[in-house]
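Here is structure.txt, consisting of compact mmCIF, C-alpha atoms and all ligand atoms:
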# COMPACT_ATOMS: atom_id res chain seq x y z
CA MET A 1 -8.75 -7.84 38.42
CA PRO A 2 -7.77 -6.04 35.25
CA ASN A 3 -8.14 -2.33 35.12
CA ASP A 4 -11.67 -1.56 33.91
CA SER A 5 -11.37 2.14 33.52
CA THR A 6 -10.40 2.27 29.85
CA ARG A 7 -13.63 2.50 27.94
CA LEU A 8 -13.23 -0.50 25.69
CA GLY A 9 -14.44 -0.65 22.11
CA PRO A 10 -16.97 -3.40 21.33
CA ARG A 11 -14.48 -5.85 19.76
CA SER A 12 -12.02 -5.44 22.60
CA ALA A 13 -14.80 -5.94 25.14
CA GLU A 14 -15.87 -9.16 23.42
CA LEU A 15 -12.30 -10.49 23.14
CA ARG A 16 -11.66 -9.60 26.72
CA ARG A 17 -14.71 -11.56 27.82
CA ARG A 18 -13.46 -14.61 25.89
CA ALA A 19 -9.91 -14.16 27.18
CA ALA A 20 -11.07 -14.00 30.79
CA ALA A 21 -12.93 -17.29 30.39
CA ARG A 22 -9.78 -19.19 29.38
CA THR A 23 -6.88 -17.20 30.80
CA PRO A 24 -6.56 -16.12 34.44
CA GLY A 25 -7.22 -12.39 34.51
CA GLY A 26 -7.45 -12.44 30.71
CA VAL A 27 -3.67 -11.91 30.45
CA HIS A 28 -0.58 -14.11 30.12
CA SER A 29 1.67 -11.99 32.31
CA ASN A 30 0.57 -10.47 35.62
CA VAL A 31 2.36 -7.27 34.66
CA ARG A 32 -0.50 -6.72 32.20
CA LEU A 33 -3.29 -7.11 34.76
CA THR A 34 -3.17 -3.42 35.48
CA GLY A 35 -2.35 -2.17 31.99
CA ALA A 36 -4.62 -1.01 29.20
CA GLN A 37 -7.09 -3.68 28.14
CA GLU A 38 -7.74 -2.71 24.51
CA PHE A 39 -6.91 -5.58 22.13
CA ILE A 40 -4.27 -4.75 19.56
CA GLU A 41 -4.67 -5.79 15.95
CA ARG A 42 -1.30 -4.66 14.58
CA ALA A 43 1.65 -2.42 15.31
CA LYS A 44 4.23 -0.67 13.16
CA GLY A 45 6.96 1.81 14.03
CA ALA A 46 5.86 3.82 17.07
CA TRP A 47 2.15 3.09 16.62
CA LEU A 48 -0.35 0.52 17.85
CA TYR A 49 -3.74 -0.08 16.21
CA SER A 50 -6.59 -1.66 18.14
CA VAL A 51 -9.21 -4.10 16.90
CA ASP A 52 -11.70 -1.24 17.31
CA GLY A 53 -9.85 1.02 14.91
CA ARG A 54 -8.19 3.23 17.54
CA ASP A 55 -4.57 4.27 17.22
CA TYR A 56 -2.02 4.88 19.94
CA VAL A 57 1.39 6.49 20.07
CA ASP A 58 3.30 3.77 21.88
CA TYR A 59 5.55 4.75 24.78
CA LEU A 60 5.45 1.31 26.39
CA LEU A 61 7.05 -0.51 23.46
CA GLY A 62 6.10 -3.96 24.66
CA GLN A 63 7.72 -3.14 28.06
CA GLY A 64 10.92 -2.18 26.25
CA PRO A 65 11.78 -4.67 23.47
CA ASN A 66 10.60 -2.52 20.54
CA PHE A 67 13.55 -0.14 20.69
CA LEU A 68 13.71 -0.17 16.87
CA GLY A 69 9.94 0.38 16.72
CA HIS A 70 7.38 -2.32 16.09
CA ALA A 71 8.13 -5.02 13.53
CA PRO A 72 11.29 -3.50 12.01
CA ASP A 73 11.34 -4.79 8.43
CA HIS A 74 14.99 -5.81 8.39
CA VAL A 75 14.64 -7.87 11.58
CA VAL A 76 11.35 -9.51 10.61
CA ASP A 77 12.76 -10.34 7.14
CA ALA A 78 15.97 -11.76 8.60
CA VAL A 79 13.99 -13.97 11.00
CA SER A 80 11.54 -15.24 8.41
CA ASP A 81 14.30 -15.88 5.82
CA ALA A 82 16.40 -17.77 8.34
CA CYS A 83 13.47 -19.79 9.71
CA ARG A 84 12.58 -21.09 6.25
CA ARG A 85 15.83 -23.04 6.44
CA GLY A 86 14.88 -24.56 9.81
CA VAL A 87 13.75 -23.31 13.19
CA ILE A 88 15.62 -25.37 15.73
CA PHE A 89 18.39 -27.88 15.10
CA GLY A 90 19.52 -29.36 18.40
CA GLY A 91 22.95 -28.57 17.00
CA GLN A 92 25.11 -25.53 16.36
CA HIS A 93 24.70 -23.10 13.45
CA GLU A 94 26.50 -20.11 12.02
CA LEU A 95 23.97 -17.48 13.11
CA GLU A 96 24.77 -18.30 16.74
CA VAL A 97 28.41 -17.47 16.10
CA GLN A 98 27.58 -14.26 14.26
CA ALA A 99 25.11 -13.08 16.91
CA SER A 100 27.58 -13.88 19.71
CA GLU A 101 30.40 -11.97 18.01
CA LEU A 102 28.15 -9.00 17.31
CA VAL A 103 26.84 -8.71 20.88
CA CYS A 104 30.31 -9.00 22.43
CA ARG A 105 31.62 -6.38 20.00
CA ALA A 106 28.73 -4.02 20.80
CA VAL A 107 28.92 -4.50 24.57
CA GLY A 108 32.66 -3.86 24.50
CA TRP A 109 33.89 -5.23 27.83
CA ALA A 110 32.41 -8.76 27.57
CA ASP A 111 34.39 -11.75 26.25
CA MET A 112 31.72 -14.44 26.05
CA ILE A 113 27.96 -14.90 25.80
CA ARG A 114 25.24 -17.49 26.34
CA PHE A 115 21.78 -16.86 24.87
CA GLY A 116 18.54 -17.58 26.73
CA VAL A 117 14.88 -16.78 26.19
CA SER A 118 13.85 -14.51 29.06
CA GLY A 119 15.53 -11.99 31.31
CA THR A 120 14.34 -13.97 34.31
CA GLU A 121 16.32 -17.07 33.38
CA VAL A 122 19.58 -15.40 32.39
CA VAL A 123 19.59 -13.65 35.77
CA GLN A 124 19.50 -17.12 37.33
CA GLY A 125 22.46 -18.12 35.17
CA ALA A 126 24.42 -15.10 36.39
CA LEU A 127 23.69 -15.85 40.05
CA ARG A 128 24.68 -19.50 39.64
CA LEU A 129 27.91 -18.62 37.90
CA ALA A 130 28.83 -16.11 40.60
CA ARG A 131 28.17 -18.67 43.31
CA ALA A 132 30.11 -21.36 41.49
CA ALA A 133 33.09 -19.08 40.95
CA THR A 134 33.26 -17.78 44.53
CA GLY A 135 32.02 -20.81 46.47
CA ARG A 136 29.77 -18.40 48.40
CA THR A 137 25.96 -18.18 48.48
CA LYS A 138 24.79 -14.73 49.59
CA VAL A 139 23.93 -11.98 47.12
CA ILE A 140 23.51 -8.26 47.73
CA ARG A 141 20.60 -6.69 45.89
CA PHE A 142 18.65 -3.45 46.14
CA GLU A 143 15.19 -2.14 46.98
CA GLY A 144 13.13 -1.38 43.88
CA HIS A 145 15.23 -3.38 41.41
CA TYR A 146 13.48 -6.14 39.46
CA HIS A 147 15.28 -9.32 38.42
CA GLY A 148 12.46 -11.61 37.27
CA TRP A 149 9.56 -13.53 38.72
CA LEU A 150 11.21 -16.65 40.19
CA ASP A 151 11.14 -17.57 43.87
CA ASN A 152 14.59 -16.33 44.82
CA VAL A 153 14.30 -12.86 43.29
CA LEU A 154 10.62 -11.84 43.21
CA THR A 155 9.56 -9.46 45.94
CA ALA A 156 6.66 -7.19 46.67
CA ALA A 157 6.21 -4.11 48.81
CA ARG A 158 3.76 -4.32 51.69
CA ASP A 159 2.97 -1.72 54.34
CA GLY A 160 5.89 0.40 53.25
CA HIS A 161 8.32 -2.53 53.49
CA TRP A 162 10.03 -3.62 50.27
CA GLY A 163 11.22 -7.18 49.86
CA VAL A 164 8.44 -9.47 51.08
CA ALA A 165 7.62 -12.74 49.33
CA THR A 166 4.43 -12.94 47.27
CA LYS A 167 1.78 -15.59 47.84
CA GLY A 168 2.92 -19.08 46.86
CA GLN A 169 6.60 -18.17 46.97
CA VAL A 170 8.92 -20.06 49.31
CA ALA A 171 9.97 -17.11 51.46
CA ARG A 172 13.20 -18.74 52.62
CA HIS A 173 14.49 -18.64 49.05
CA LEU A 174 14.90 -14.91 49.64
CA ASP A 175 17.04 -15.55 52.73
CA ASP A 176 20.28 -15.66 50.78
CA PHE A 177 19.76 -12.08 49.67
CA ILE A 178 20.92 -9.04 51.57
CA VAL A 179 18.60 -6.23 50.49
CA LEU A 180 19.94 -2.68 50.71
CA PRO A 181 18.75 0.77 49.70
CA TRP A 182 20.36 1.64 46.36
CA ASN A 183 22.67 4.57 45.58
CA ASP A 184 24.43 4.48 48.94
CA ALA A 185 27.92 2.99 48.71
CA GLU A 186 28.38 3.13 52.50
CA GLN A 187 25.63 0.56 52.89
CA VAL A 188 27.40 -1.79 50.48
CA ALA A 189 30.72 -1.23 52.26
CA ASP A 190 29.11 -2.03 55.65
CA ALA A 191 27.37 -5.15 54.36
CA LEU A 192 30.59 -6.41 52.79
CA ASP A 193 32.56 -5.68 55.94
CA ARG A 194 30.09 -7.75 57.90
CA HIS A 195 29.29 -10.56 55.44
CA GLY A 196 31.96 -10.27 52.73
CA GLU A 197 33.20 -13.84 53.20
CA GLN A 198 29.76 -15.15 52.33
CA VAL A 199 28.83 -12.80 49.48
CA ALA A 200 29.07 -14.19 45.94
CA ALA A 201 27.62 -11.25 44.01
CA VAL A 202 26.18 -7.78 43.97
CA ILE A 203 23.36 -7.48 41.43
CA MET A 204 21.69 -4.26 40.33
CA GLU A 205 20.15 -2.40 37.44
CA PRO A 206 22.88 0.16 36.69
CA VAL A 207 20.05 2.67 36.26
CA MET A 208 17.00 1.79 38.36
CA ILE A 209 14.55 1.92 35.47
CA ASN A 210 12.03 -0.40 37.12
CA ALA A 211 11.38 2.06 39.92
CA GLY A 212 11.41 5.68 38.87
CA VAL A 213 14.17 5.60 36.20
CA ILE A 214 16.70 6.77 38.76
CA GLU A 215 20.33 7.25 37.71
CA PRO A 216 23.27 6.22 39.87
CA LEU A 217 24.72 9.12 41.84
CA PRO A 218 28.15 10.26 40.61
CA GLY A 219 30.79 7.83 41.87
CA TYR A 220 28.32 5.22 43.14
CA LEU A 221 28.92 2.54 40.52
CA GLU A 222 32.68 3.11 40.71
CA ALA A 223 32.58 2.71 44.49
CA VAL A 224 30.59 -0.53 44.27
CA ARG A 225 33.01 -1.80 41.61
CA ARG A 226 35.98 -1.12 43.91
CA LEU A 227 34.24 -2.77 46.88
CA CYS A 228 33.46 -5.88 44.81
CA ASP A 229 37.10 -6.11 43.74
CA ARG A 230 38.32 -5.69 47.30
CA HIS A 231 36.05 -8.47 48.62
CA GLY A 232 36.33 -10.86 45.67
CA VAL A 233 32.64 -10.41 44.84
CA VAL A 234 31.18 -10.73 41.32
CA LEU A 235 29.47 -7.55 40.09
CA ILE A 236 26.39 -8.26 37.96
CA PHE A 237 24.62 -5.53 36.03
CA ASP A 238 21.07 -6.45 35.10
CA GLU A 239 20.85 -4.62 31.78
CA VAL A 240 17.64 -6.33 30.63
CA ILE A 241 16.07 -2.89 30.12
CA SER A 242 19.11 -0.63 29.82
CA GLY A 243 21.02 -2.87 27.42
CA PHE A 244 21.08 -1.53 23.83
CA ARG A 245 18.63 1.18 24.95
CA LEU A 246 21.06 3.59 26.61
CA GLY A 247 23.74 2.89 24.04
CA LEU A 248 25.44 -0.14 22.50
CA GLY A 249 27.13 -0.91 25.80
CA GLY A 250 24.10 -0.17 28.01
CA GLY A 251 24.57 1.26 31.49
CA ALA A 252 28.13 -0.10 31.75
CA GLU A 253 29.18 2.08 28.83
CA ARG A 254 27.12 5.11 29.82
CA TYR A 255 28.68 5.29 33.28
CA GLY A 256 32.05 3.83 32.32
CA VAL A 257 31.95 1.01 34.87
CA PRO A 258 32.30 -2.55 33.56
CA PRO A 259 30.69 -5.34 35.59
CA ASP A 260 31.91 -8.96 35.61
CA LEU A 261 28.64 -10.35 34.26
CA ALA A 262 25.62 -8.69 32.68
CA THR A 263 22.19 -9.81 31.62
CA TYR A 264 20.50 -8.56 28.48
CA GLY A 265 17.05 -8.99 26.93
CA LYS A 266 14.32 -6.78 25.50
CA ALA A 267 16.03 -4.33 23.06
CA ILE A 268 18.63 -6.92 21.99
CA ALA A 269 16.37 -8.57 19.43
CA GLY A 270 13.96 -6.10 17.81
CA GLY A 271 10.97 -7.39 19.75
CA PHE A 272 11.68 -11.13 19.58
CA PRO A 273 11.97 -13.15 22.80
CA VAL A 274 15.70 -13.40 23.42
CA ALA A 275 17.90 -12.81 26.42
CA ALA A 276 21.63 -13.13 26.97
CA LEU A 277 24.18 -13.51 29.72
CA VAL A 278 27.52 -11.93 28.88
CA GLY A 279 30.69 -11.74 30.88
CA ARG A 280 34.37 -12.11 31.39
CA ALA A 281 35.93 -15.30 30.06
CA GLU A 282 37.23 -16.60 33.38
CA LEU A 283 33.64 -16.69 34.68
CA MET A 284 31.70 -17.62 31.55
CA SER A 285 34.06 -20.45 30.58
CA ARG A 286 32.83 -22.43 33.58
CA PHE A 287 29.67 -23.20 31.59
CA GLY A 288 31.84 -24.55 28.79
CA THR A 289 33.68 -27.08 30.92
CA GLY A 290 30.36 -28.43 32.16
CA GLU A 291 31.38 -27.49 35.70
CA VAL A 292 28.35 -25.18 35.94
CA ASN A 293 25.06 -26.04 34.27
CA HIS A 294 23.17 -23.72 31.97
CA SER A 295 20.63 -25.25 29.59
CA GLY A 296 17.57 -24.45 27.52
CA THR A 297 15.94 -26.14 24.54
CA PHE A 298 15.34 -22.85 22.77
CA ASN A 299 18.63 -21.12 23.63
CA GLY A 300 20.36 -19.85 20.49
CA SER A 301 17.44 -20.76 18.23
CA VAL A 302 17.45 -19.68 14.60
CA MET A 303 14.72 -17.10 15.33
CA ALA A 304 16.60 -15.70 18.31
CA THR A 305 20.01 -15.43 16.72
CA ALA A 306 18.68 -14.11 13.40
CA ALA A 307 16.79 -11.42 15.34
CA VAL A 308 19.83 -10.51 17.44
CA ALA A 309 22.19 -10.44 14.45
CA ALA A 310 19.86 -8.19 12.43
CA THR A 311 19.12 -5.89 15.38
CA VAL A 312 22.69 -5.46 16.58
CA THR A 313 24.06 -5.08 13.04
CA SER A 314 21.71 -2.17 12.42
CA LEU A 315 22.51 -0.62 15.81
CA LEU A 316 26.23 -0.82 15.03
CA GLU A 317 25.87 0.52 11.49
CA ASP A 318 23.36 3.27 12.16
CA PRO A 319 23.21 3.98 15.90
CA PRO A 320 19.88 5.73 16.63
CA TYR A 321 20.90 6.88 20.10
CA GLU A 322 21.19 10.59 19.39
CA ARG A 323 17.84 10.60 17.60
CA VAL A 324 16.18 8.74 20.48
CA ALA A 325 17.70 11.07 23.06
CA LYS A 326 16.57 14.15 21.12
CA HIS A 327 12.98 12.90 20.93
CA GLY A 328 13.02 11.93 24.60
CA ARG A 329 14.45 15.25 25.73
CA THR A 330 11.99 17.30 23.68
CA LEU A 331 9.08 15.21 24.88
CA MET A 332 10.15 15.49 28.51
CA VAL A 333 10.34 19.28 28.23
CA GLY A 334 6.99 19.37 26.40
CA LEU A 335 5.26 17.31 29.09
CA ARG A 336 6.78 19.42 31.87
CA ASP A 337 5.60 22.61 30.14
CA LEU A 338 2.08 21.22 29.81
CA GLY A 339 2.07 20.41 33.52
CA ILE A 340 3.08 24.00 34.35
CA GLU A 341 0.53 25.45 31.92
CA HIS A 342 -2.24 23.45 33.57
CA GLY A 343 -1.09 24.20 37.12
CA LEU A 344 -0.22 20.58 37.87
CA PRO A 345 2.85 19.41 39.88
CA LEU A 346 3.83 17.05 37.07
CA ARG A 347 7.32 15.58 37.46
CA VAL A 348 9.17 14.25 34.41
CA GLU A 349 12.65 12.89 35.17
CA GLY A 350 15.11 10.30 33.95
CA LEU A 351 17.01 9.58 30.77
CA PRO A 352 15.68 10.57 27.45
CA ALA A 353 15.52 6.94 26.20
CA ALA A 354 13.43 5.99 29.25
CA PHE A 355 11.93 8.48 31.65
CA HIS A 356 9.48 8.63 34.52
CA VAL A 357 6.33 10.69 34.87
CA SER A 358 4.71 11.28 38.25
CA PHE A 359 3.39 14.02 40.52
CA GLY A 360 5.32 15.81 43.28
CA ASP A 361 8.74 17.40 43.57
CA ALA A 362 10.70 15.37 46.12
CA GLU A 363 14.43 14.76 45.78
CA VAL A 364 14.53 11.14 44.60
CA ARG A 365 17.58 8.89 44.81
CA ASP A 366 16.26 5.42 45.67
CA TYR A 367 13.11 3.37 46.15
CA ARG A 368 12.24 4.91 49.54
CA THR A 369 12.49 8.51 48.40
CA LEU A 370 10.53 7.61 45.27
CA GLN A 371 7.58 6.87 47.56
CA ARG A 372 7.44 10.60 48.44
CA LEU A 373 5.95 11.20 45.00
CA ASP A 374 2.24 10.83 44.30
CA LEU A 375 2.53 7.68 42.19
CA ALA A 376 -1.17 6.80 42.52
CA ARG A 377 -2.15 10.12 40.99
CA TYR A 378 -0.08 9.38 37.89
CA GLU A 379 -1.59 5.91 37.71
CA ARG A 380 -5.02 7.50 37.47
CA LEU A 381 -3.79 9.91 34.81
CA SER A 382 -2.26 7.07 32.76
CA ARG A 383 -5.68 5.46 32.29
CA VAL A 384 -7.06 8.65 30.81
CA LEU A 385 -3.98 8.97 28.59
CA VAL A 386 -4.76 5.56 27.10
CA GLU A 387 -8.28 6.74 26.34
CA HIS A 388 -6.71 9.71 24.56
CA GLY A 389 -4.47 7.54 22.37
CA LEU A 390 -1.22 7.32 24.33
CA TRP A 391 -0.12 3.77 25.12
CA VAL A 392 1.43 4.05 28.59
CA THR A 393 1.09 2.15 31.86
CA GLY A 394 0.44 3.27 35.40
CA ARG A 395 4.06 2.63 36.48
CA GLY A 396 5.11 5.94 34.99
CA VAL A 397 7.96 4.71 32.77
CA TRP A 398 7.90 5.98 29.19
CA TYR A 399 10.17 4.30 26.59
CA VAL A 400 11.29 6.00 23.39
CA SER A 401 12.10 4.09 20.19
CA ALA A 402 14.18 4.82 17.10
CA CYS A 403 10.87 5.32 15.25
CA HIS A 404 9.61 8.19 17.38
CA GLY A 405 9.90 11.34 15.25
CA GLU A 406 8.23 14.71 14.76
CA GLU A 407 4.83 13.24 13.93
CA GLU A 408 4.80 11.19 17.12
CA LEU A 409 6.00 14.13 19.18
CA ASP A 410 3.18 16.34 17.92
CA ALA A 411 0.61 13.60 18.41
CA ALA A 412 1.87 12.78 21.91
CA LEU A 413 1.84 16.38 23.14
CA THR A 414 -1.53 17.14 21.50
CA ARG A 415 -3.11 14.05 23.05
CA PHE A 416 -1.54 14.70 26.44
CA GLU A 417 -2.77 18.28 26.41
CA LYS A 418 -6.28 17.18 25.42
CA ALA A 419 -6.32 14.77 28.39
CA LEU A 420 -5.28 17.58 30.75
CA ARG A 421 -7.85 19.96 29.25
CA ASP A 422 -10.47 17.27 29.88
CA GLY A 423 -9.55 17.47 33.56
CA ALA A 424 -7.16 14.49 33.86
CA GLY A 425 -4.42 14.73 36.49
CA ARG A 426 -6.45 16.81 38.97
N1 LIG F 501 15.60 -7.80 34.83
C1 LIG F 501 15.10 -6.59 34.60
C2 LIG F 501 15.91 -5.38 34.95
C3 LIG F 501 13.83 -6.45 34.02
O1 LIG F 501 13.32 -5.23 33.83
C4 LIG F 501 13.10 -7.62 33.68
C5 LIG F 501 11.74 -7.54 33.04
N2 LIG F 501 11.09 -6.35 33.07
C6 LIG F 501 13.68 -8.86 33.95
C7 LIG F 501 14.94 -8.92 34.52
C8 LIG F 501 12.96 -10.12 33.61
O2 LIG F 501 12.89 -10.27 32.23
P1 LIG F 501 11.75 -11.18 31.55
O3 LIG F 501 10.46 -10.48 31.77
O4 LIG F 501 12.18 -11.26 30.13
O5 LIG F 501 11.81 -12.50 32.24
Could I get this file's structure written as structure tokens?
Amino acid sequence: MPNDSTRLGPRSAELRRRAAARTPGGVHSNVRLTGAQEFIERAKGAWLYSVDGRDYVDYLLGQGPNFLGHAPDHVVDAVSDACRRGVIFGGQHELEVQASELVCRAVGWADMIRFGVSGTEVVQGALRLARAATGRTKVIRFEGHYHGWLDNVLTAARDGHWGVATKGQVARHLDDFIVLPWNDAEQVADALDRHGEQVAAVIMEPVMINAGVIEPLPGYLEAVRRLCDRHGVVLIFDEVISGFRLGLGGGAERYGVPPDLATYGKAIAGGFPVAALVGRAELMSRFGTGEVNHSGTFNGSVMATAAVAATVTSLLEDPPYERVAKHGRTLMVGLRDLGIEHGLPLRVEGLPAAFHVSFGDAEVRDYRTLQRLDLARYERLSRVLVEHGLWVTGRGVWYVSACHGEEELDAALTRFEKALRDGAGR
């Protein structure tokens, strides 16, 4: 059941009652079952405003898409202008070409692109392409990494074991995956020595943002790249969160390791629902010959491509990455200092554009070591933070946008401190 602990305003409580009557759990994505339950009336920049007149500094950013802040005028205008001339054609249009050229230019290493609607589905496209190109079926993936909600990639943790199927999933669809702890190149080398002939792809988030915002250890991505080359395996970076957030070229650029295929979503389109699969021509062109199928009624829609073109153009012309990093860094230090001041073992780690807040001080390098932290304690704190006007979830990941400035920094630290003074986090 949804998290009840946020004291809802009267309008939110009423809307929630109506929502629960018609929508399972009152939400349209299970990810939101455990999040804040206040109903939002509008959002602009780094702020959310509830139907009960409350405001929130937003560090969730719609789970990542609002990298330019909420409703960036130039993106919303570009989408509405374009859509007045038609929404979906069932034929090709110039915006598709522009958006494709812009994304490939921004990403740097990629030759070709196919647009989709969700991160989940473009991941499937990447896996299919890798299997088609190699004639192999197995895929190496890693504990703690998320690649969508479909049967062959969704997993849950149970009794300390990561990688079990959830109810209703066909568990054997997970059988083609070899699941390894992340950040350990030896494990990949061993698995490829044993099963290399059967392995089509290695897929990973180049930074494990979904579990703890953990960076790759120095040399890890390079080692996996070399192993993939040696065994003829396709390297897929799932950049659905990291893409356009860590820099124009995402994790691949940040760590200087190009994959063969990469998936994008979230920050690519200023908040609009768009995803993309990009990659090297010799792989991607297999879609173009019809040899490998990739379809979707809404792929490359006017809305999607107008949003991507406007978003990526502004990121290329006025990259906000230094600004975002500065805000993130200052906020991380401010939160850490508040933890120390209040005698709490608060842990704030990660990248400035996305970082992780928890309790404890373990050395963390993968999903297993992440479990040494007191994640439940932060989850409890996060509910109080929402009551104090900070829009965050219990998973501990905070996202920073290009709209977070001095005002938001002051508000965030003041509200965080007030929550601690009220006894939260103990
Ligand atoms: N890959 C990663 C790394 C993600 O974080 C997500 C979503 N959080 C997905 C894939 C799936 O994207 P979507 O929710 O758009 O289907």
A:Ala310, A:Leu129, A:Leu150, A:Cys403: which is nearest ligand LIG 501 (chain F), counting all atoms listed in the file?
-> A:Leu150
Which residue gives the smallest distance to ligand LIG 501 (chain F) among A:Arg377, A:Lys418, A:His147, A:Arg114, with all atoms listed in the file counted?
->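 The answer is A:His147, which sits nearest to ligand LIG 501 (chain F).
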Option closest in space to A:Ser29, from A:Gly219, A:Gly45, A:Gly62, A:Gly91 [counting only C-alpha atoms] =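 Under the stated criterion, the closest residue is A:Gly62.
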For ligand LIG 501 (chain F), collect every residue having any atom at a distance of at most 10 Å from a ligand atom (counting all atoms listed in the file); output as an NGL selection string.
-> :A and (29 or 31 or 63-65 or 116-124 or 145-150 or 153 or 204-211 or 237-243 or 263-266 or 273-275)
Of the listed residues A:Val302, A:Leu346, A:Arg372, A:Leu8, that which approaches A:Gly86 most closely, counting only C-alpha atoms = A:Val302
Quote the spacing between atom CA of A:Ala71 and atom CA of A:Val312 in Å to one decimal place.
->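 A separation of 14.9 Å between them.
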When you draw a straight line from atom CA of A:Asn299 to atom CA of A:Phe115, how long is it in Å?
->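 Atom CA of A:Phe115 lies at a distance of 5.4 Å from atom CA of A:Asn299.
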Compile the contact shell of A:Thr137 as a ChimeraX atom specification: residues with an atom at most 7 Å away, counting all atoms listed in the file, same-chain residues fewer than 5 positions apart removed.
-> /A:131,176,198-200
Grab the atom CA of A:Phe355 to atom CA of A:Gly212 distance for me, in Å with one decimal place.
-> 7.8 Å
Find, counting only C-alpha atoms, the residue in A:Leu283, A:Leu154, A:Leu277, A:Ala13 that gets nearest to A:Gly300.
->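 Using only C-alpha atoms, the shortest distance to A:Gly300 belongs to A:Leu277.
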Closest atom pairs, residues of stretch 389-409 of chain A within 7 Å of stretch 318-334 of chain A, only C-alpha atoms, as JSON lines:
{"residue": "A:Val400", "atom": "CA", "partner": "A:Gly328", "partner_atom": "CA", "distance": 6.3}
{"residue": "A:Ser401", "atom": "CA", "partner": "A:Val324", "partner_atom": "CA", "distance": 6.2}
{"residue": "A:Ala402", "atom": "CA", "partner": "A:Val324", "partner_atom": "CA", "distance": 5.5}
{"residue": "A:His404", "atom": "CA", "partner": "A:His327", "partner_atom": "CA", "distance": 6.8}
{"residue": "A:Gly405", "atom": "CA", "partner": "A:His327", "partner_atom": "CA", "distance": 6.6}
{"residue": "A:Leu409", "atom": "CA", "partner": "A:Leu331", "partner_atom": "CA", "distance": 6.6}
Which one of A:Val348, A:Leu60, A:Leu68, A:Ala267 sits closest to A:Thr393 if you count all atoms listed in the file?
->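 Between A:Val348, A:Leu60, A:Leu68, A:Ala267, the residue approaching A:Thr393 most closely is A:Leu60.
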Quick one: 8 Å padding each side, axis-aligned, all listed atoms of stretch 248-261 of chain A - centre and edge lengths in Å to one decimal, as JSON?
{"center_x": 28.2, "center_y": -2.5, "center_z": 29.1, "size_x": 24.2, "size_y": 31.6, "size_z": 29.1}
Do a neighbour search on A:Gly256 at 12 Å with all atoms listed in the file, toss out local chain neighbours closer than 6 positions, and write the hits as a PDB file with C-alpha atoms, keeping the file's coordinate frame.
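Below is the file that was written, selection_12.pdb:
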ATOM      1  CA  VAL A 107      28.920  -4.500  24.570  1.00  0.00           C
ATOM      2  CA  GLY A 108      32.660  -3.860  24.500  1.00  0.00           C
ATOM      3  CA  TRP A 109      33.890  -5.230  27.830  1.00  0.00           C
ATOM      4  CA  PRO A 206      22.880   0.160  36.690  1.00  0.00           C
ATOM      5  CA  PRO A 216      23.270   6.220  39.870  1.00  0.00           C
ATOM      6  CA  PRO A 218      28.150  10.260  40.610  1.00  0.00           C
ATOM      7  CA  GLY A 219      30.790   7.830  41.870  1.00  0.00           C
ATOM      8  CA  TYR A 220      28.320   5.220  43.140  1.00  0.00           C
ATOM      9  CA  LEU A 221      28.920   2.540  40.520  1.00  0.00           C
ATOM     10  CA  GLU A 222      32.680   3.110  40.710  1.00  0.00           C
ATOM     11  CA  ARG A 225      33.010  -1.800  41.610  1.00  0.00           C
ATOM     12  CA  GLY A 247      23.740   2.890  24.040  1.00  0.00           C
ATOM     13  CA  GLY A 249      27.130  -0.910  25.800  1.00  0.00           C
ATOM     14  CA  GLY A 250      24.100  -0.170  28.010  1.00  0.00           C
TER      15      GLY A 250
END
Name all residues at most 7 Å from A:Gly389 (count only C-alpha atoms; drop same-chain ones fewer than 2 positions away) and give them as a count of residues only.
-> 8
